[in-house]
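Asker: Pasting run_6.pdb below, which is PDB, N, CA and C atoms.
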ATOM      1  N   MET V  17      48.665 -13.137 -72.821
ATOM      2  CA  MET V  17      49.887 -12.833 -73.552
ATOM      3  C   MET V  17      50.863 -12.115 -72.619
ATOM      4  N   LYS V  18      52.095 -12.603 -72.570
ATOM      5  CA  LYS V  18      53.111 -11.984 -71.724
ATOM      6  C   LYS V  18      53.606 -10.686 -72.349
ATOM      7  N   PRO V  19      53.853  -9.673 -71.509
ATOM      8  CA  PRO V  19      54.401  -8.421 -72.058
ATOM      9  C   PRO V  19      55.818  -8.637 -72.595
ATOM     10  N   LYS V  20      56.167  -7.910 -73.627
ATOM     11  CA  LYS V  20      57.506  -7.989 -74.213
ATOM     12  C   LYS V  20      58.488  -7.291 -73.285
ATOM     13  N   ILE V  21      59.641  -7.895 -73.071
ATOM     14  CA  ILE V  21      60.686  -7.318 -72.223
ATOM     15  C   ILE V  21      61.805  -6.809 -73.121
ATOM     16  N   TYR V  22      62.205  -5.569 -72.888
ATOM     17  CA  TYR V  22      63.304  -4.950 -73.625
ATOM     18  C   TYR V  22      64.486  -4.849 -72.670
ATOM     19  N   GLU V  23      65.574  -5.537 -72.959
ATOM     20  CA  GLU V  23      66.769  -5.462 -72.118
ATOM     21  C   GLU V  23      67.891  -4.821 -72.910
ATOM     22  N   PHE V  24      68.557  -3.838 -72.300
ATOM     23  CA  PHE V  24      69.678  -3.171 -72.946
ATOM     24  C   PHE V  24      70.438  -2.384 -71.892
ATOM     25  N   GLU V  25      71.640  -1.995 -72.212
ATOM     26  CA  GLU V  25      72.446  -1.142 -71.341
ATOM     27  C   GLU V  25      72.475   0.247 -71.937
ATOM     28  N   ALA V  26      72.444   1.264 -71.066
ATOM     29  CA  ALA V  26      72.445   2.646 -71.545
ATOM     30  C   ALA V  26      73.085   3.554 -70.511
ATOM     31  N   MET V  27      73.623   4.652 -70.977
ATOM     32  CA  MET V  27      74.150   5.690 -70.094
ATOM     33  C   MET V  27      73.005   6.619 -69.713
ATOM     34  N   ILE V  28      73.036   7.138 -68.480
ATOM     35  CA  ILE V  28      72.049   8.116 -68.035
ATOM     36  C   ILE V  28      72.608   9.495 -68.337
ATOM     37  N   HIS V  29      71.842  10.305 -69.064
ATOM     38  CA  HIS V  29      72.263  11.647 -69.452
ATOM     39  C   HIS V  29      71.470  12.672 -68.655
ATOM     40  N   LYS V  30      72.160  13.625 -68.033
ATOM     41  CA  LYS V  30      71.493  14.690 -67.292
ATOM     42  C   LYS V  30      70.947  15.720 -68.268
ATOM     43  N   VAL V  31      69.760  16.233 -67.950
ATOM     44  CA  VAL V  31      69.171  17.308 -68.740
ATOM     45  C   VAL V  31      69.777  18.613 -68.240
ATOM     46  N   PRO V  32      70.481  19.365 -69.098
ATOM     47  CA  PRO V  32      71.119  20.608 -68.656
ATOM     48  C   PRO V  32      70.113  21.570 -68.022
ATOM     49  N   GLU V  33      70.495  22.125 -66.895
ATOM     50  CA  GLU V  33      69.732  23.143 -66.172
ATOM     51  C   GLU V  33      68.369  22.668 -65.667
ATOM     52  N   LEU V  34      68.102  21.382 -65.658
ATOM     53  CA  LEU V  34      66.863  20.838 -65.098
ATOM     54  C   LEU V  34      67.200  19.702 -64.147
ATOM     55  N   ASP V  35      66.277  19.406 -63.247
ATOM     56  CA  ASP V  35      66.457  18.276 -62.342
ATOM     57  C   ASP V  35      65.853  17.043 -63.005
ATOM     58  N   GLY V  36      66.504  16.569 -64.044
ATOM     59  CA  GLY V  36      65.989  15.430 -64.782
ATOM     60  C   GLY V  36      67.091  14.707 -65.523
ATOM     61  N   ALA V  37      66.756  13.536 -66.030
ATOM     62  CA  ALA V  37      67.716  12.730 -66.770
ATOM     63  C   ALA V  37      66.957  11.875 -67.780
ATOM     64  N   TYR V  38      67.702  11.308 -68.728
ATOM     65  CA  TYR V  38      67.089  10.456 -69.741
ATOM     66  C   TYR V  38      68.108   9.446 -70.235
ATOM     67  N   ILE V  39      67.619   8.440 -70.939
ATOM     68  CA  ILE V  39      68.480   7.487 -71.636
ATOM     69  C   ILE V  39      68.074   7.483 -73.103
ATOM     70  N   LYS V  40      68.954   6.996 -73.949
ATOM     71  CA  LYS V  40      68.632   6.834 -75.370
ATOM     72  C   LYS V  40      68.137   5.396 -75.558
ATOM     73  N   PHE V  41      66.844   5.260 -75.854
ATOM     74  CA  PHE V  41      66.216   3.955 -76.035
ATOM     75  C   PHE V  41      66.593   3.421 -77.417
ATOM     76  N   PRO V  42      67.174   2.215 -77.500
ATOM     77  CA  PRO V  42      67.699   1.728 -78.782
ATOM     78  C   PRO V  42      66.659   1.129 -79.734
ATOM     79  N   TYR V  43      65.406   1.487 -79.565
ATOM     80  CA  TYR V  43      64.342   1.017 -80.450
ATOM     81  C   TYR V  43      63.532   2.225 -80.897
ATOM     82  N   ASP V  44      62.686   2.042 -81.904
ATOM     83  CA  ASP V  44      61.785   3.095 -82.359
ATOM     84  C   ASP V  44      60.570   3.095 -81.431
ATOM     85  N   VAL V  45      60.497   4.060 -80.519
ATOM     86  CA  VAL V  45      59.460   4.094 -79.489
ATOM     87  C   VAL V  45      58.059   4.134 -80.105
ATOM     88  N   LYS V  46      57.851   4.990 -81.089
ATOM     89  CA  LYS V  46      56.516   5.088 -81.714
ATOM     90  C   LYS V  46      56.123   3.784 -82.411
ATOM     91  N   ALA V  47      57.062   3.141 -83.072
ATOM     92  CA  ALA V  47      56.758   1.880 -83.754
ATOM     93  C   ALA V  47      56.450   0.766 -82.752
ATOM     94  N   GLU V  48      57.158   0.735 -81.633
ATOM     95  CA  GLU V  48      56.977  -0.319 -80.637
ATOM     96  C   GLU V  48      55.745  -0.113 -79.764
ATOM     97  N   PHE V  49      55.453   1.154 -79.392
ATOM     98  CA  PHE V  49      54.414   1.424 -78.396
ATOM     99  C   PHE V  49      53.267   2.300 -78.891
ATOM    100  N   GLY V  50      53.388   2.858 -80.090
ATOM    101  CA  GLY V  50      52.321   3.671 -80.635
ATOM    102  C   GLY V  50      52.239   5.079 -80.081
ATOM    103  N   LYS V  51      53.225   5.484 -79.289
ATOM    104  CA  LYS V  51      53.273   6.845 -78.750
ATOM    105  C   LYS V  51      54.717   7.215 -78.455
ATOM    106  N   GLY V  52      54.958   8.485 -78.143
ATOM    107  CA  GLY V  52      56.316   8.983 -77.983
ATOM    108  C   GLY V  52      56.939   8.811 -76.611
ATOM    109  N   ARG V  53      56.103   8.661 -75.564
ATOM    110  CA  ARG V  53      56.628   8.476 -74.209
ATOM    111  C   ARG V  53      55.946   7.285 -73.558
ATOM    112  N   VAL V  54      56.731   6.502 -72.844
ATOM    113  CA  VAL V  54      56.181   5.348 -72.131
ATOM    114  C   VAL V  54      56.795   5.264 -70.742
ATOM    115  N   LYS V  55      56.070   4.664 -69.812
ATOM    116  CA  LYS V  55      56.603   4.437 -68.470
ATOM    117  C   LYS V  55      57.514   3.221 -68.520
ATOM    118  N   VAL V  56      58.553   3.234 -67.698
ATOM    119  CA  VAL V  56      59.491   2.109 -67.657
ATOM    120  C   VAL V  56      59.795   1.726 -66.217
ATOM    121  N   HIS V  57      60.263   0.505 -66.041
ATOM    122  CA  HIS V  57      60.829   0.043 -64.783
ATOM    123  C   HIS V  57      62.313  -0.142 -65.069
ATOM    124  N   ALA V  58      63.168   0.490 -64.281
ATOM    125  CA  ALA V  58      64.613   0.433 -64.538
ATOM    126  C   ALA V  58      65.333  -0.242 -63.384
ATOM    127  N   THR V  59      66.375  -0.984 -63.712
ATOM    128  CA  THR V  59      67.252  -1.594 -62.723
ATOM    129  C   THR V  59      68.628  -0.983 -62.902
ATOM    130  N   PHE V  60      69.222  -0.540 -61.792
ATOM    131  CA  PHE V  60      70.534   0.093 -61.838
ATOM    132  C   PHE V  60      71.558  -0.823 -61.191
ATOM    133  N   THR V  61      72.733  -0.920 -61.809
ATOM    134  CA  THR V  61      73.822  -1.682 -61.220
ATOM    135  C   THR V  61      74.916  -0.726 -60.792
ATOM    136  N   GLU V  62      75.579  -1.090 -59.729
ATOM    137  CA  GLU V  62      76.646  -0.237 -59.198
ATOM    138  C   GLU V  62      77.915  -0.443 -60.005
ATOM    139  N   ARG V  63      78.605   0.650 -60.289
ATOM    140  CA  ARG V  63      79.882   0.557 -61.017
ATOM    141  C   ARG V  63      80.950   1.224 -60.222
TER     142      ARG V  63
END
Turn this file's structure into structure tokens for me.
Answerer:
Amino acid sequence: MKPKIYEFEAMIHKVPELDGAYIKFPYDVKAEFGKGRVKVHATFTER
């Protein structure tokens, strides 16, 4: 079975006062993956 691919565009948000960032995932993560955090592979385009 092929893994499901989720494609979407999102803004990268910096975490205030930390060296980190996040995006808002447009799906229900727990419903899709059964847990609250998942590893991802991201592709960035230059703007």
Asker: Separation of atom N of Pro42 of chain V and atom N of Lys18 of chain V, in Å?
Answerer: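 Distance between the two atoms: 21.7 Å.
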Asker: List every residue of chain V that DSSP, applied to the backbone of this structure, places in helix (DSSP H, G or I), and write the result as a PyMOL selection string.
Answerer: chain V and resi 45-49
Asker: Could you give me the residues within chain V that DSSP places in strand (DSSP E), as a list in words?
Answerer: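 Assigned to strand (DSSP E), within chain V: His29, Lys30, Ala37 and Tyr38 of chain V.
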Asker: Mind working out the centre and edge lengths of an axis-aligned box for segment 44-47 of chain V, all listed atoms inside, 5 Å added to each side, rounded to one decimal in Å and written as AutoDock Vina command-line options?
Answerer:
--center_x 59.4 --center_y 2.9 --center_z -81.6 --size_x 16.6 --size_y 14.3 --size_z 14.3
Asker: The PyMOL selection byres (((chain V and resi 40 and name CA) around 9) and name CA) - which residues does that actually catch in the file I just gave you? List them as number ranges by chain.
Answerer: V: 26-29, 38-39, 41-43
Asker: If I take atom CA of Pro19 of chain V and atom N of Gly52 of chain V, how far is one from the other in Å, to one decimal?
Answerer: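 These atoms are spaced 18.0 Å apart.
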